[in-house]
>>> print(open('query.pdb').read())   # PDB, C-alpha atoms and all ligand atoms
ATOM      1  CA  MET Z 238      98.829 120.882 100.156
ATOM      2  CA  ARG Z 239      98.097 117.739  98.181
ATOM      3  CA  ALA Z 240      98.379 114.184  99.517
ATOM      4  CA  LEU Z 241      98.566 110.802  97.848
ATOM      5  CA  TYR Z 242      96.915 107.867  99.615
ATOM      6  CA  PRO Z 243      98.105 104.708  97.861
ATOM      7  CA  GLY Z 244      96.929 101.161  98.503
ATOM      8  CA  SER Z 245      95.541  97.944  97.110
ATOM      9  CA  PHE Z 246      91.991  98.603  98.359
ATOM     10  CA  ASP Z 247      91.053  94.989  97.577
ATOM     11  CA  PRO Z 248      88.340  95.787  98.574
ATOM     12  CA  LEU Z 249      87.757  99.229 100.095
ATOM     13  CA  THR Z 250      86.810  99.019 103.797
ATOM     14  CA  LEU Z 251      85.260 101.500 106.216
ATOM     15  CA  GLY Z 252      88.752 101.801 107.738
ATOM     16  CA  HIS Z 253      90.149 103.090 104.446
ATOM     17  CA  LEU Z 254      87.141 105.377 104.021
ATOM     18  CA  ASP Z 255      87.582 106.805 107.518
ATOM     19  CA  LEU Z 256      91.189 107.630 106.686
ATOM     20  CA  ILE Z 257      90.146 109.230 103.386
ATOM     21  CA  GLU Z 258      87.489 111.380 105.077
ATOM     22  CA  ARG Z 259      89.867 112.528 107.798
ATOM     23  CA  SER Z 260      92.663 113.300 105.346
ATOM     24  CA  ALA Z 261      90.238 115.290 103.152
ATOM     25  CA  ARG Z 262      89.809 117.645 106.121
ATOM     26  CA  LEU Z 263      93.580 118.063 106.502
ATOM     27  CA  PHE Z 264      94.664 118.596 102.893
ATOM     28  CA  ASP Z 265      93.495 120.809 100.020
ATOM     29  CA  SER Z 266      93.225 117.694  97.903
ATOM     30  CA  VAL Z 267      93.790 113.949  98.277
ATOM     31  CA  VAL Z 268      94.521 111.525  95.450
ATOM     32  CA  VAL Z 269      93.427 108.020  96.445
ATOM     33  CA  ALA Z 270      95.333 105.717  94.111
ATOM     34  CA  VAL Z 271      94.959 102.006  93.548
ATOM     35  CA  LEU Z 272      98.294 100.316  93.016
ATOM     36  CA  GLU Z 273      98.272  97.881  90.136
ATOM     37  CA  ASN Z 274     100.567  95.179  91.413
ATOM     38  CA  PRO Z 275     101.077  92.291  88.980
ATOM     39  CA  ASN Z 276     102.731  90.248  91.779
ATOM     40  CA  LYS Z 277      99.624  90.384  93.940
ATOM     41  CA  GLN Z 278      96.613  88.321  92.929
ATOM     42  CA  ALA Z 279      93.657  90.640  93.588
ATOM     43  CA  ALA Z 280      90.145  89.434  94.408
ATOM     44  CA  PHE Z 281      88.606  92.410  92.577
ATOM     45  CA  PRO Z 282      89.729  93.700  89.189
ATOM     46  CA  LEU Z 283      91.256  97.183  89.136
ATOM     47  CA  GLU Z 284      88.203  98.791  87.455
ATOM     48  CA  GLN Z 285      85.886  97.433  90.135
ATOM     49  CA  ARG Z 286      88.110  98.758  92.926
ATOM     50  CA  LEU Z 287      88.145 102.178  91.239
ATOM     51  CA  THR Z 288      84.342 102.132  90.974
ATOM     52  CA  GLN Z 289      84.041 101.211  94.670
ATOM     53  CA  LEU Z 290      86.293 104.144  95.590
ATOM     54  CA  ARG Z 291      84.572 106.640  93.263
ATOM     55  CA  GLN Z 292      81.149 105.723  94.620
ATOM     56  CA  ALA Z 293      82.184 105.856  98.263
ATOM     57  CA  THR Z 294      83.981 109.220  97.932
ATOM     58  CA  ARG Z 295      81.393 110.999  95.766
ATOM     59  CA  HIS Z 296      80.510 113.296  98.677
ATOM     60  CA  LEU Z 297      84.144 114.423  99.093
ATOM     61  CA  SER Z 298      84.965 117.154  96.596
ATOM     62  CA  ALA Z 299      88.655 117.250  97.617
ATOM     63  CA  VAL Z 300      89.164 113.582  96.751
ATOM     64  CA  GLU Z 301      90.283 112.245  93.375
ATOM     65  CA  VAL Z 302      90.529 108.557  92.505
ATOM     66  CA  ALA Z 303      93.310 107.207  90.286
ATOM     67  CA  SER Z 304      95.381 104.122  89.596
ATOM     68  CA  PHE Z 305      99.089 103.671  89.037
ATOM     69  CA  ASP Z 306     101.819 101.112  88.626
ATOM     70  CA  GLY Z 307     105.522 101.434  89.366
ATOM     71  CA  LEU Z 308     107.062 103.492  92.129
ATOM     72  CA  THR Z 309     104.765 105.340  94.526
ATOM     73  CA  VAL Z 310     107.197 108.279  94.820
ATOM     74  CA  GLU Z 311     107.211 108.689  91.042
ATOM     75  CA  PHE Z 312     103.449 108.741  90.955
ATOM     76  CA  ALA Z 313     103.458 111.252  93.842
ATOM     77  CA  SER Z 314     105.667 113.584  91.775
ATOM     78  CA  ARG Z 315     103.543 113.037  88.677
ATOM     79  CA  CYS Z 316     100.358 114.023  90.474
ATOM     80  CA  GLN Z 317     102.162 116.812  92.368
ATOM     81  CA  ALA Z 318     101.528 115.392  95.825
ATOM     82  CA  GLN Z 319     103.978 116.491  98.520
ATOM     83  CA  VAL Z 320     102.815 113.891 101.012
ATOM     84  CA  ILE Z 321     102.272 110.122 100.930
ATOM     85  CA  LEU Z 322      99.643 109.084 103.425
ATOM     86  CA  ARG Z 323      99.501 105.692 105.143
ATOM     87  CA  GLY Z 324      97.418 104.316 107.968
ATOM     88  CA  LEU Z 325      98.761 102.596 111.072
ATOM     89  CA  ARG Z 326      96.479 100.089 112.770
ATOM     90  CA  ALA Z 327      98.765  98.337 115.216
ATOM     91  CA  LEU Z 328     102.408  97.941 116.065
ATOM     92  CA  SER Z 329     102.536  95.092 113.533
ATOM     93  CA  ASP Z 330     101.988  97.604 110.680
ATOM     94  CA  PHE Z 331     104.803  99.806 111.900
ATOM     95  CA  GLU Z 332     107.908  97.876 110.919
ATOM     96  CA  PHE Z 333     106.836  97.316 107.318
ATOM     97  CA  GLU Z 334     105.493 100.853 106.903
ATOM     98  CA  LEU Z 335     108.664 102.404 108.347
ATOM     99  CA  GLN Z 336     110.786 100.393 105.908
ATOM    100  CA  ILE Z 337     108.711 101.629 102.967
ATOM    101  CA  ALA Z 338     108.788 105.207 104.266
ATOM    102  CA  HIS Z 339     112.592 105.126 104.596
ATOM    103  CA  THR Z 340     112.968 103.593 101.149
ATOM    104  CA  ASN Z 341     110.694 106.227  99.645
ATOM    105  CA  HIS Z 342     112.610 108.975 101.449
ATOM    106  CA  SER Z 343     115.892 107.679 100.036
ATOM    107  CA  LEU Z 344     114.397 107.773  96.529
ATOM    108  CA  ALA Z 345     112.625 111.127  96.815
ATOM    109  CA  PRO Z 346     113.524 113.161  99.935
ATOM    110  CA  GLN Z 347     111.142 115.956  98.918
ATOM    111  CA  VAL Z 348     108.127 113.676  99.425
ATOM    112  CA  GLU Z 349     107.120 113.211 103.070
ATOM    113  CA  THR Z 350     105.347 110.141 104.408
ATOM    114  CA  LEU Z 351     102.643 110.895 106.941
ATOM    115  CA  PHE Z 352     100.998 108.234 109.116
ATOM    116  CA  LEU Z 353      97.488 108.577 110.452
ATOM    117  CA  ALA Z 354      96.418 106.380 113.348
ATOM    118  CA  THR Z 355      93.395 104.284 112.503
ATOM    119  CA  SER Z 356      90.230 105.015 114.465
ATOM    120  CA  VAL Z 357      89.840 102.533 117.311
ATOM    121  CA  GLN Z 358      86.645 101.027 115.877
ATOM    122  CA  HIS Z 359      88.489 100.207 112.625
ATOM    123  CA  SER Z 360      91.763  99.033 114.104
ATOM    124  CA  PHE Z 361      90.961  95.319 113.608
ATOM    125  CA  LEU Z 362      89.782  95.795 110.062
ATOM    126  CA  SER Z 363      91.654  94.726 106.953
ATOM    127  CA  SER Z 364      90.676  93.825 103.398
ATOM    128  CA  SER Z 365      91.804  90.243 104.060
ATOM    129  CA  VAL Z 366      89.637  89.875 107.175
ATOM    130  CA  VAL Z 367      86.634  91.251 105.284
ATOM    131  CA  LYS Z 368      87.197  88.716 102.474
ATOM    132  CA  GLU Z 369      87.482  85.850 104.971
ATOM    133  CA  VAL Z 370      84.213  86.811 106.683
ATOM    134  CA  ALA Z 371      82.397  87.233 103.345
ATOM    135  CA  ARG Z 372      83.781  83.963 101.962
ATOM    136  CA  PHE Z 373      82.089  82.059 104.780
ATOM    137  CA  GLY Z 374      78.825  83.960 104.456
ATOM    138  CA  GLY Z 375      79.307  86.293 107.437
ATOM    139  CA  ASN Z 376      77.803  89.765 107.660
ATOM    140  CA  VAL Z 377      80.188  92.480 106.431
ATOM    141  CA  ARG Z 378      77.750  95.380 106.221
ATOM    142  CA  HIS Z 379      79.298  97.083 109.252
ATOM    143  CA  LEU Z 380      82.811  96.701 107.773
ATOM    144  CA  VAL Z 381      82.518  97.992 104.195
ATOM    145  CA  PRO Z 382      80.423 100.496 102.199
ATOM    146  CA  PRO Z 383      77.084  99.021 100.950
ATOM    147  CA  ALA Z 384      78.223  98.689  97.319
ATOM    148  CA  VAL Z 385      81.311  96.744  98.427
ATOM    149  CA  ALA Z 386      79.160  94.402 100.543
ATOM    150  CA  ALA Z 387      77.123  93.693  97.398
ATOM    151  CA  ASP Z 388      80.310  93.102  95.347
ATOM    152  CA  LEU Z 389      81.600  90.666  97.989
ATOM    153  CA  ALA Z 390      78.323  88.748  98.048
ATOM    154  CA  ARG Z 391      78.376  88.442  94.241
ATOM    155  CA  LEU Z 392      82.029  87.361  94.197
ATOM    156  CA  PHE Z 393      81.648  84.619  96.776
ATOM    157  CA  ASN Z 394      78.271  83.400  95.469
ATOM    158  CA  ARG Z 395      79.922  82.972  92.087
ATOM    159  CA  VAL Z 396      82.935  81.184  93.566
ATOM    160  CA  ALA Z 397      80.601  78.902  95.578
ATOM    161  CA  SER Z 398      78.404  78.066  92.575
ATOM    162  CA  GLU Z 399      81.478  77.417  90.393
ATOM    163  CA  SER Z 400      82.914  74.969  92.935
ATOM    164  CA  THR Z 401      79.517  73.213  93.288
ATOM    165  CA  ARG Z 402      79.336  72.821  89.517
ATOM    166  CA  GLN Z 403      82.837  71.340  89.424
ATOM    167  CA  ASP Z 404      82.030  68.918  92.240
ATOM    168  CA  PRO Z 405      80.462  65.782  90.643
ATOM    169  CA  HIS Z 406      78.818  64.917  93.979
ATOM    170  CA  GLY Z 407      77.560  68.478  94.517
TER     171      GLY Z 407
HETATM  172  P1  LIG Z 501      98.385  97.723 101.067
HETATM  173  O1  LIG Z 501      98.500  99.080 100.525
HETATM  174  O2  LIG Z 501      99.421  97.408 102.097
HETATM  175  O3  LIG Z 501      98.175  96.647 100.075
HETATM  176  P2  LIG Z 501      95.662  98.302 101.899
HETATM  177  O4  LIG Z 501      95.197  98.621 100.536
HETATM  178  O5  LIG Z 501      94.750  97.425 102.730
HETATM  179  O6  LIG Z 501      97.059  97.645 101.982
HETATM  180  O7  LIG Z 501      95.866  99.606 102.743
HETATM  181  C1  LIG Z 501      96.221 100.843 102.232
HETATM  182  C2  LIG Z 501      96.475 101.785 103.384
HETATM  183  O8  LIG Z 501      95.333 101.847 104.214
HETATM  184  C3  LIG Z 501      97.628 101.371 104.297
HETATM  185  O9  LIG Z 501      98.296 102.527 104.741
HETATM  186  C4  LIG Z 501      96.934 100.713 105.464
HETATM  187  O10 LIG Z 501      97.695 100.823 106.660
HETATM  188  C5  LIG Z 501      95.678 101.535 105.560
HETATM  189  N1  LIG Z 501      94.589 100.790 106.166
HETATM  190  C6  LIG Z 501      94.283  99.496 105.967
HETATM  191  N2  LIG Z 501      93.248  99.113 106.736
HETATM  192  C7  LIG Z 501      92.899 100.208 107.455
HETATM  193  C8  LIG Z 501      91.935 100.452 108.466
HETATM  194  N3  LIG Z 501      91.144  99.486 108.935
HETATM  195  N4  LIG Z 501      91.836 101.708 108.959
HETATM  196  C9  LIG Z 501      92.665 102.670 108.503
HETATM  197  N5  LIG Z 501      93.626 102.487 107.606
HETATM  198  C10 LIG Z 501      93.751 101.285 107.086
END
>>> encode(input="query.pdb", output="structure tokens")
Amino acid sequence: MRALYPGSFDPLTLGHLDLIERSARLFDSVVVAVLENPNKQAAFPLEQRLTQLRQATRHLSAVEVASFDGLTVEFASRCQAQVILRGLRALSDFEFELQIAHTNHSLAPQVETLFLATSVQHSFLSSSVVKEVARFGGNVRHLVPPAVAADLARLFNRVASESTRQDPHG
């Protein structure tokens, strides 16, 4: 069976990677797909997020990396995935995820949504938290793959040096 794991992955965290590794043991193949959402201002361009995913999943032969826009259920049909995979960290994820799952079911009843519980050590982790820590110079090496930690450092060094340059007193 083939699964689709969609998300923003802005950036990829060890929580996402844990879910990818566990799902690769459950399914014949897993398509990890970055959603291109024009309404969401991403910190990392699509190509960079794809590179982060490709690098981090190189050791997983069952995993493919892709991008898509539009409806997730349509992309699931296009890539012949029978299952949409999502992670649940806490009760706060549940309401939103259930709404999406019901909507997707109403659009394409043949595609099942499957939730995997996040590993306890990753349950506090989100892309937003990682960006907040990195923005203020905190250590993120235990939260993201090494290449993503380097990308975050570059991003926020650039942002910091741009704002210093714009500040006439800086
Ligand atoms: P979204 O798709 O909502 O923009 P993300 O790209 O962060 O958000 O997440 C994609 C999927 O990965 C979602 O199902 C989310 O619940 C799951 N996820 C996010 N963070 C973690 C984590 N720390 N551990 C496991 N799964 C996670």
>>> residues_around(input="query.pdb", residues="Arg239 (chain Z)", least_positions_apart="2", cutoff="7 Å", atoms="all atoms listed in the file", output="PDB file with C-alpha atoms, in the frame of the given file")
ATOM      1  CA  LEU Z 241      98.566 110.802  97.848  1.00  0.00           C
ATOM      2  CA  PHE Z 264      94.664 118.596 102.893  1.00  0.00           C
ATOM      3  CA  ASP Z 265      93.495 120.809 100.020  1.00  0.00           C
ATOM      4  CA  SER Z 266      93.225 117.694  97.903  1.00  0.00           C
ATOM      5  CA  VAL Z 267      93.790 113.949  98.277  1.00  0.00           C
ATOM      6  CA  ALA Z 318     101.528 115.392  95.825  1.00  0.00           C
ATOM      7  CA  GLN Z 319     103.978 116.491  98.520  1.00  0.00           C
ATOM      8  CA  VAL Z 320     102.815 113.891 101.012  1.00  0.00           C
TER       9      VAL Z 320
END
>>> closest_atom_pairs(input="query.pdb", of="chain Z", to="ligand LIG 501 (chain Z)", cutoff="8 Å", atoms="only C-alpha atoms and all ligand atoms", output="JSON lines")
{"residue": "Z:Tyr242", "atom": "CA", "partner": "Z:LIG501", "partner_atom": "C2", "distance": 7.2}
{"residue": "Z:Pro243", "atom": "CA", "partner": "Z:LIG501", "partner_atom": "C1", "distance": 6.1}
{"residue": "Z:Gly244", "atom": "CA", "partner": "Z:LIG501", "partner_atom": "O1", "distance": 3.3}
{"residue": "Z:Ser245", "atom": "CA", "partner": "Z:LIG501", "partner_atom": "O4", "distance": 3.5}
{"residue": "Z:Phe246", "atom": "CA", "partner": "Z:LIG501", "partner_atom": "O4", "distance": 3.9}
{"residue": "Z:Asp247", "atom": "CA", "partner": "Z:LIG501", "partner_atom": "O4", "distance": 6.3}
{"residue": "Z:Pro248", "atom": "CA", "partner": "Z:LIG501", "partner_atom": "O4", "distance": 7.7}
{"residue": "Z:Leu249", "atom": "CA", "partner": "Z:LIG501", "partner_atom": "O4", "distance": 7.5}
{"residue": "Z:Thr250", "atom": "CA", "partner": "Z:LIG501", "partner_atom": "N3", "distance": 6.7}
{"residue": "Z:Leu251", "atom": "CA", "partner": "Z:LIG501", "partner_atom": "N3", "distance": 6.8}
{"residue": "Z:Gly252", "atom": "CA", "partner": "Z:LIG501", "partner_atom": "N4", "distance": 3.3}
{"residue": "Z:His253", "atom": "CA", "partner": "Z:LIG501", "partner_atom": "N5", "distance": 4.7}
{"residue": "Z:Leu254", "atom": "CA", "partner": "Z:LIG501", "partner_atom": "C9", "distance": 7.6}
{"residue": "Z:Asp255", "atom": "CA", "partner": "Z:LIG501", "partner_atom": "C9", "distance": 6.6}
{"residue": "Z:Leu256", "atom": "CA", "partner": "Z:LIG501", "partner_atom": "C9", "distance": 5.5}
{"residue": "Z:Val271", "atom": "CA", "partner": "Z:LIG501", "partner_atom": "O4", "distance": 7.8}
{"residue": "Z:Leu272", "atom": "CA", "partner": "Z:LIG501", "partner_atom": "O1", "distance": 7.6}
{"residue": "Z:Leu322", "atom": "CA", "partner": "Z:LIG501", "partner_atom": "O9", "distance": 6.8}
{"residue": "Z:Arg323", "atom": "CA", "partner": "Z:LIG501", "partner_atom": "O9", "distance": 3.4}
{"residue": "Z:Gly324", "atom": "CA", "partner": "Z:LIG501", "partner_atom": "O10", "distance": 3.7}
{"residue": "Z:Leu325", "atom": "CA", "partner": "Z:LIG501", "partner_atom": "O10", "distance": 4.9}
{"residue": "Z:Arg326", "atom": "CA", "partner": "Z:LIG501", "partner_atom": "N4", "distance": 6.2}
{"residue": "Z:Asp330", "atom": "CA", "partner": "Z:LIG501", "partner_atom": "O10", "distance": 6.7}
{"residue": "Z:Glu334", "atom": "CA", "partner": "Z:LIG501", "partner_atom": "O9", "distance": 7.7}
{"residue": "Z:Phe352", "atom": "CA", "partner": "Z:LIG501", "partner_atom": "O9", "distance": 7.7}
{"residue": "Z:Leu353", "atom": "CA", "partner": "Z:LIG501", "partner_atom": "N5", "distance": 7.8}
{"residue": "Z:Ala354", "atom": "CA", "partner": "Z:LIG501", "partner_atom": "C9", "distance": 7.2}
{"residue": "Z:Thr355", "atom": "CA", "partner": "Z:LIG501", "partner_atom": "C9", "distance": 4.4}
{"residue": "Z:Ser356", "atom": "CA", "partner": "Z:LIG501", "partner_atom": "N4", "distance": 6.6}
{"residue": "Z:His359", "atom": "CA", "partner": "Z:LIG501", "partner_atom": "N3", "distance": 4.6}
{"residue": "Z:Ser360", "atom": "CA", "partner": "Z:LIG501", "partner_atom": "N3", "distance": 5.2}
{"residue": "Z:Phe361", "atom": "CA", "partner": "Z:LIG501", "partner_atom": "N3", "distance": 6.3}
{"residue": "Z:Leu362", "atom": "CA", "partner": "Z:LIG501", "partner_atom": "N3", "distance": 4.1}
{"residue": "Z:Ser363", "atom": "CA", "partner": "Z:LIG501", "partner_atom": "N2", "distance": 4.7}
{"residue": "Z:Ser364", "atom": "CA", "partner": "Z:LIG501", "partner_atom": "O5", "distance": 5.5}
{"residue": "Z:Ser365", "atom": "CA", "partner": "Z:LIG501", "partner_atom": "O5", "distance": 7.9}
>>> resolve_selection(input="query.pdb", expression="the PyMOL selection byres (((chain Z and resi 372-385) around 7) and not hetatm)", output="PyMOL selection string")
chain Z and resi 249-251+289+293+367-371+386-389+393
>>> resolve_selection(input="query.pdb", expression="the PyMOL selection byres (((chain Z and resi 301) around 6) and not hetatm)", output="PDB file with C-alpha atoms, keeping the file's coordinate frame")
ATOM      1  CA  VAL Z 268      94.521 111.525  95.450  1.00  0.00           C
ATOM      2  CA  VAL Z 300      89.164 113.582  96.751  1.00  0.00           C
ATOM      3  CA  VAL Z 302      90.529 108.557  92.505  1.00  0.00           C
TER       4      VAL Z 302
END
>>> resolve_selection(input="query.pdb", expression="the PyMOL selection byres (((chain Z and resi 344) around 12) and not hetatm)", output="NGL selection string")
:Z and (308-311 or 313-314 or 337-343 or 345-349)
>>> closest_residue(input="query.pdb", among="Z:Leu290, Z:Arg315, Z:Val269, Z:Phe333", to="Ala303 (chain Z)", atoms="only C-alpha atoms")
Z:Val269
>>> closest_residue(input="query.pdb", among="Z:Ser304, Z:Ser298, Z:Ser329, Z:Asn394", to="Ala261 (chain Z)", atoms="only C-alpha atoms")
Z:Ser298
>>> atom_distance(input="query.pdb", atom1="CA of Phe281 (chain Z)", atom2="CA of Phe331 (chain Z)")
26.3 Å
>>> closest_residue(input="query.pdb", among="Z:Arg262, Z:Arg395, Z:His296, Z:Arg286", to="Met238 (chain Z)", atoms="all atoms listed in the file")
Z:Arg262
>>> axis_aligned_box(input="query.pdb", around="region 307-323 of chain Z", padding_each_side="8 Å", output="AutoDock Vina command-line options")
--center_x 103.4 --center_y 109.1 --center_z 96.9 --size_x 23.7 --size_y 31.4 --size_z 32.5
>>> atom_distance(input="query.pdb", atom1="CA of Leu328 (chain Z)", atom2="CA of Asn274 (chain Z)")
24.9 Å
>>> atom_distance(input="query.pdb", atom1="CA of Arg291 (chain Z)", atom2="CA of Leu263 (chain Z)")
19.7 Å
>>> decode(input="query.pdb", residues="region 262-272 of chain Z", atoms="all heavy atoms", output="CSV table (one decimal), in the first residue's frame")
chain,number,residue,atom,x,y,z
Z,262,ARG,N,8.1,2.0,7.4
Z,262,ARG,CA,8.1,0.6,7.9
Z,262,ARG,C,6.7,0.0,7.7
Z,262,ARG,O,6.5,-1.3,7.7
Z,262,ARG,CB,8.5,0.4,9.3
Z,262,ARG,CG,10.0,0.7,9.5
Z,262,ARG,CD,10.5,0.2,10.9
Z,262,ARG,NE,10.1,1.0,12.0
Z,262,ARG,CZ,10.7,2.1,12.5
Z,262,ARG,NH1,11.8,2.4,11.9
Z,262,ARG,NH2,10.2,2.7,13.5
Z,263,LEU,N,5.7,0.8,7.6
Z,263,LEU,CA,4.3,0.3,7.6
Z,263,LEU,C,3.8,0.1,6.1
Z,263,LEU,O,2.9,-0.7,5.9
Z,263,LEU,CB,3.4,1.3,8.3
Z,263,LEU,CG,3.5,1.5,9.8
Z,263,LEU,CD1,2.6,2.6,10.3
Z,263,LEU,CD2,3.1,0.2,10.5
Z,264,PHE,N,4.3,1.0,5.2
Z,264,PHE,CA,3.8,1.0,3.9
Z,264,PHE,C,4.8,0.6,2.9
Z,264,PHE,O,6.0,0.6,3.1
Z,264,PHE,CB,3.3,2.4,3.5
Z,264,PHE,CG,2.1,2.9,4.3
Z,264,PHE,CD1,2.3,3.6,5.5
Z,264,PHE,CD2,0.8,2.5,3.9
Z,264,PHE,CE1,1.2,4.0,6.2
Z,264,PHE,CE2,-0.3,2.9,4.6
Z,264,PHE,CZ,-0.1,3.7,5.8
Z,265,ASP,N,4.3,0.1,1.7
Z,265,ASP,CA,5.3,-0.3,0.6
Z,265,ASP,C,6.0,0.9,0.2
Z,265,ASP,O,7.2,0.9,-0.1
Z,265,ASP,CB,4.5,-0.9,-0.6
Z,265,ASP,CG,3.8,-2.2,-0.1
Z,265,ASP,OD1,4.4,-3.0,0.5
Z,265,ASP,OD2,2.6,-2.3,-0.4
Z,266,SER,N,5.3,2.0,0.0
Z,266,SER,CA,6.0,3.3,-0.3
Z,266,SER,C,5.3,4.5,0.3
Z,266,SER,O,4.1,4.4,0.5
Z,266,SER,CB,6.0,3.4,-1.9
Z,266,SER,OG,4.7,3.4,-2.4
Z,267,VAL,N,6.0,5.5,0.5
Z,267,VAL,CA,5.5,6.8,1.1
Z,267,VAL,C,5.9,8.0,0.3
Z,267,VAL,O,7.1,8.1,0.0
Z,267,VAL,CB,6.0,7.0,2.6
Z,267,VAL,CG1,5.4,8.3,3.2
Z,267,VAL,CG2,5.6,5.8,3.4
Z,268,VAL,N,4.9,8.7,-0.2
Z,268,VAL,CA,5.3,10.0,-0.9
Z,268,VAL,C,5.2,11.1,0.1
Z,268,VAL,O,4.1,11.4,0.7
Z,268,VAL,CB,4.3,10.3,-2.0
Z,268,VAL,CG1,4.7,11.5,-2.8
Z,268,VAL,CG2,4.2,9.1,-3.0
Z,269,VAL,N,6.3,11.8,0.4
Z,269,VAL,CA,6.3,12.9,1.3
Z,269,VAL,C,6.2,14.1,0.4
Z,269,VAL,O,7.0,14.4,-0.5
Z,269,VAL,CB,7.6,13.0,2.1
Z,269,VAL,CG1,7.5,14.2,3.1
Z,269,VAL,CG2,7.8,11.7,2.9
Z,270,ALA,N,5.1,14.9,0.5
Z,270,ALA,CA,4.8,16.0,-0.4
Z,270,ALA,C,4.7,17.3,0.3
Z,270,ALA,O,3.9,17.5,1.2
Z,270,ALA,CB,3.6,15.7,-1.2
Z,271,VAL,N,5.5,18.3,-0.3
Z,271,VAL,CA,5.4,19.6,0.3
Z,271,VAL,C,4.3,20.4,-0.4
Z,271,VAL,O,4.2,20.4,-1.7
Z,271,VAL,CB,6.7,20.4,0.0
Z,271,VAL,CG1,6.7,21.8,0.6
Z,271,VAL,CG2,7.9,19.6,0.6
Z,272,LEU,N,3.4,20.9,0.4
Z,272,LEU,CA,2.3,21.7,-0.2
Z,272,LEU,C,2.7,23.1,-0.5
Z,272,LEU,O,3.2,23.8,0.4
Z,272,LEU,CB,1.1,21.7,0.9
Z,272,LEU,CG,-0.1,22.6,0.6
Z,272,LEU,CD1,-0.8,22.1,-0.7
Z,272,LEU,CD2,-1.0,22.6,1.7
